[in-house]
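Undergrad: Right, I'll just put the structure down here and ask away after.
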Amino acid sequence: MDFGTVILIIALVAIAVVVGVGVTLAVLISRGVLSLVNKSKPKYELAKRNAFKVRAQSTAGPLGDVMKQRIRLQESLEATQRSLAVAQSTRQYTGNLDSIFGTLRQAGTVLENQLLVAQREPDPAVQAAYAQTLGGQVAQVIQTSTGIRSALAAAAAPMTDVDVKDLTRTLEIEATMLKNWSATYTDLGES
């Protein structure tokens, strides 16, 4: 091999190593950045929502009413979604509540879009009309959402005092029977 071929091979190996290290670093950095973005996104959304709540509370007039309706609607639907998820994770019977909530969530999405249009409306008189019209619909969705959570709570059927009393009575009977059984067999063993 001549000197030029050796230099060419060494240069190609060096380039391959540099490209390999570069690709590896790029993959590691991109994964780290994506991981960081995924971790910070919920915190960003929470901060954004809290800022919106503060803005809604401090805004007066029809714009403030529209913003407050958006917040109440979102919070009610999210609370119901969490309640359904917990009930399903504990295998509580939910019947048709999931499909009812799906329909309610669709209605909530339509209302959310209409409220967003109302929020961006530049004319306060038109915003007031939106707030009044949509306010009744938002109240209905919130009432239905609360009804779903109430139905879940009623279906939980906690143990009543009667159930506890029956359990205590059964336990006392069993304890008495065990005591008598033990005394009988102890007496037989002494004979």
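How things are named: the first chain in the structure tokens is A, the next is B, and so on; residues count from 1 in each chain; ligands count from 1 in the order shown.
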Can you write out as a Markdown table which residues of stretch 49-68 of chain A fall within 10 Å of stretch 123-143 of chain A, alongside each residue's closest atom pair and its distance in Å to one decimal, counting only C-alpha atoms and ordering rows by chain and ascending residue number?
TA:
```
| residue | atom | partner | partner_atom | distance |
| --- | --- | --- | --- | --- |
| A:Gly61 | CA | A:Ala128 | CA | 8.0 |
| A:Pro62 | CA | A:Ala128 | CA | 4.8 |
| A:Leu63 | CA | A:Gln127 | CA | 6.5 |
| A:Gly64 | CA | A:Ala131 | CA | 9.3 |
| A:Asp65 | CA | A:Ala131 | CA | 6.3 |
| A:Val66 | CA | A:Ala131 | CA | 5.4 |
| A:Met67 | CA | A:Ala131 | CA | 9.2 |
| A:Lys68 | CA | A:Ala131 | CA | 9.8 |
```
Undergrad: Go ahead and compute the interatomic distance for atom CA of A:Asn50 and atom CA of A:Arg105, in Å to one decimal.
TA: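 Taking atom CA of A:Asn50 as the start and atom CA of A:Arg105 as the end point, the length is 21.8 Å.
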Undergrad: Provide the atom CA of A:Ala51 to atom CA of A:Gly32 distance in Å, to one decimal place.
TA: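 The value is 28.1 Å.
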Undergrad: Mind giving me the straight-line distance from atom CA of A:Ser145 to atom CA of A:Gln106 in Å, one decimal?
TA: 12.3 Å
Undergrad: Rank A:Glu45, A:Ser30, A:Arg120, A:Leu152 by their smallest atom-to-atom distance to A:Gln88, using only C-alpha atoms, and report the top residue only.
TA: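 With only C-alpha atoms as the atom set, the closest residue is A:Leu152.
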Undergrad: Skip A:Glu78 itself and residues of its chain fewer than 5 positions away, then list as a PyMOL selection string all residues within 12 Å of it, counting only C-alpha atoms.
TA: chain A and resi 71-73+83-85+101+104-105+108+142+145-146+149
Undergrad: Those same residues - all heavy atoms - I'd like them written as an mmCIF file, in the first residue's frame.
TA:
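File written: again-v4.cif
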```
data_model
loop_
_atom_site.group_PDB
_atom_site.id
_atom_site.type_symbol
_atom_site.label_atom_id
_atom_site.label_comp_id
_atom_site.auth_asym_id
_atom_site.auth_seq_id
_atom_site.Cartn_x
_atom_site.Cartn_y
_atom_site.Cartn_z
ATOM 1 N N ILE A 71 -64.503 28.600 31.732
ATOM 2 C CA ILE A 71 -63.807 27.933 32.835
ATOM 3 C C ILE A 71 -64.727 26.942 33.529
ATOM 4 O O ILE A 71 -64.351 25.796 33.784
ATOM 5 C CB ILE A 71 -63.259 28.975 33.837
ATOM 6 C CG1 ILE A 71 -62.119 29.752 33.189
ATOM 7 C CG2 ILE A 71 -62.796 28.300 35.123
ATOM 8 C CD1 ILE A 71 -61.682 30.960 33.973
ATOM 9 N N ARG A 72 -65.957 27.365 33.847
ATOM 10 C CA ARG A 72 -66.891 26.467 34.533
ATOM 11 C C ARG A 72 -67.188 25.232 33.687
ATOM 12 O O ARG A 72 -67.248 24.115 34.194
ATOM 13 C CB ARG A 72 -68.187 27.205 34.881
ATOM 14 C CG ARG A 72 -68.054 28.180 36.020
ATOM 15 C CD ARG A 72 -69.395 28.631 36.587
ATOM 16 N NE ARG A 72 -70.382 29.005 35.597
ATOM 17 C CZ ARG A 72 -70.542 30.231 35.101
ATOM 18 N NH1 ARG A 72 -69.773 31.210 35.508
ATOM 19 N NH2 ARG A 72 -71.486 30.486 34.213
ATOM 20 N N LEU A 73 -67.366 25.430 32.384
ATOM 21 C CA LEU A 73 -67.642 24.326 31.477
ATOM 22 C C LEU A 73 -66.470 23.339 31.458
ATOM 23 O O LEU A 73 -66.662 22.125 31.612
ATOM 24 C CB LEU A 73 -67.916 24.865 30.070
ATOM 25 C CG LEU A 73 -68.178 23.839 28.975
ATOM 26 C CD1 LEU A 73 -69.487 23.117 29.242
ATOM 27 C CD2 LEU A 73 -68.206 24.514 27.615
ATOM 28 N N SER A 83 -63.991 11.424 37.342
ATOM 29 C CA SER A 83 -64.858 10.546 38.124
ATOM 30 C C SER A 83 -65.158 9.252 37.373
ATOM 31 O O SER A 83 -65.113 8.164 37.945
ATOM 32 C CB SER A 83 -66.172 11.249 38.463
ATOM 33 O OG SER A 83 -65.948 12.318 39.340
ATOM 34 N N LEU A 84 -65.456 9.364 36.097
ATOM 35 C CA LEU A 84 -65.720 8.170 35.295
ATOM 36 C C LEU A 84 -64.479 7.286 35.195
ATOM 37 O O LEU A 84 -64.575 6.059 35.292
ATOM 38 C CB LEU A 84 -66.172 8.561 33.889
ATOM 39 C CG LEU A 84 -67.671 8.734 33.682
ATOM 40 C CD1 LEU A 84 -67.960 9.349 32.327
ATOM 41 C CD2 LEU A 84 -68.399 7.434 33.851
ATOM 42 N N ALA A 85 -63.328 7.907 35.016
ATOM 43 C CA ALA A 85 -62.085 7.136 34.911
ATOM 44 C C ALA A 85 -61.802 6.379 36.208
ATOM 45 O O ALA A 85 -61.417 5.205 36.186
ATOM 46 C CB ALA A 85 -60.914 8.053 34.569
ATOM 47 N N PHE A 101 -71.733 10.580 28.704
ATOM 48 C CA PHE A 101 -70.694 11.588 28.868
ATOM 49 C C PHE A 101 -70.015 11.899 27.530
ATOM 50 O O PHE A 101 -69.638 13.042 27.274
ATOM 51 C CB PHE A 101 -69.647 11.154 29.897
ATOM 52 C CG PHE A 101 -68.551 12.163 30.061
ATOM 53 C CD1 PHE A 101 -68.813 13.405 30.611
ATOM 54 C CD2 PHE A 101 -67.260 11.883 29.640
ATOM 55 C CE1 PHE A 101 -67.806 14.357 30.736
ATOM 56 C CE2 PHE A 101 -66.251 12.810 29.765
ATOM 57 C CZ PHE A 101 -66.525 14.063 30.321
ATOM 58 N N LEU A 104 -72.176 14.301 25.908
ATOM 59 C CA LEU A 104 -72.074 15.565 26.636
ATOM 60 C C LEU A 104 -70.756 16.266 26.322
ATOM 61 O O LEU A 104 -70.721 17.493 26.165
ATOM 62 C CB LEU A 104 -72.190 15.298 28.142
ATOM 63 C CG LEU A 104 -72.275 16.523 29.037
ATOM 64 C CD1 LEU A 104 -73.565 17.284 28.770
ATOM 65 C CD2 LEU A 104 -72.201 16.101 30.491
ATOM 66 N N ARG A 105 -69.692 15.500 26.200
ATOM 67 C CA ARG A 105 -68.385 16.081 25.874
ATOM 68 C C ARG A 105 -68.419 16.715 24.482
ATOM 69 O O ARG A 105 -67.836 17.774 24.258
ATOM 70 C CB ARG A 105 -67.292 15.027 25.964
ATOM 71 C CG ARG A 105 -65.904 15.589 25.788
ATOM 72 C CD ARG A 105 -64.789 14.586 25.929
ATOM 73 N NE ARG A 105 -65.211 13.233 25.678
ATOM 74 C CZ ARG A 105 -64.820 12.188 26.387
ATOM 75 N NH1 ARG A 105 -63.997 12.343 27.386
ATOM 76 N NH2 ARG A 105 -65.229 10.981 26.098
ATOM 77 N N GLY A 108 -70.137 19.874 24.817
ATOM 78 C CA GLY A 108 -69.228 20.800 25.483
ATOM 79 C C GLY A 108 -68.191 21.366 24.529
ATOM 80 O O GLY A 108 -67.836 22.544 24.617
ATOM 81 N N ILE A 142 -73.389 21.730 32.501
ATOM 82 C CA ILE A 142 -72.827 21.585 33.846
ATOM 83 C C ILE A 142 -73.771 20.774 34.728
ATOM 84 O O ILE A 142 -73.340 19.907 35.495
ATOM 85 C CB ILE A 142 -72.524 22.970 34.462
ATOM 86 C CG1 ILE A 142 -71.331 23.601 33.734
ATOM 87 C CG2 ILE A 142 -72.258 22.866 35.955
ATOM 88 C CD1 ILE A 142 -71.057 25.038 34.120
ATOM 89 N N SER A 145 -73.530 17.183 33.692
ATOM 90 C CA SER A 145 -72.227 16.671 34.131
ATOM 91 C C SER A 145 -72.259 16.352 35.628
ATOM 92 O O SER A 145 -71.780 15.295 36.063
ATOM 93 C CB SER A 145 -71.153 17.720 33.824
ATOM 94 O OG SER A 145 -69.881 17.249 34.129
ATOM 95 N N THR A 146 -72.854 17.240 36.400
ATOM 96 C CA THR A 146 -73.005 17.000 37.836
ATOM 97 C C THR A 146 -73.916 15.802 38.084
ATOM 98 O O THR A 146 -73.672 15.000 38.992
ATOM 99 C CB THR A 146 -73.568 18.257 38.528
ATOM 100 O OG1 THR A 146 -72.702 19.359 38.253
ATOM 101 C CG2 THR A 146 -73.695 18.070 40.023
ATOM 102 N N ARG A 149 -71.933 12.617 37.759
ATOM 103 C CA ARG A 149 -71.117 12.363 38.956
ATOM 104 C C ARG A 149 -71.988 11.920 40.129
ATOM 105 O O ARG A 149 -71.600 11.039 40.901
ATOM 106 C CB ARG A 149 -70.307 13.614 39.324
ATOM 107 C CG ARG A 149 -69.218 13.920 38.312
ATOM 108 C CD ARG A 149 -68.203 14.940 38.804
ATOM 109 N NE ARG A 149 -68.741 16.169 39.323
ATOM 110 C CZ ARG A 149 -69.051 17.236 38.596
ATOM 111 N NH1 ARG A 149 -68.896 17.216 37.284
ATOM 112 N NH2 ARG A 149 -69.516 18.326 39.169
#
```
Undergrad: Between A:Thr90, A:Asn113, A:Thr170, A:Thr80, which residue has the minimum interatomic distance to A:Ala151, considering only C-alpha atoms?
TA: A:Thr80
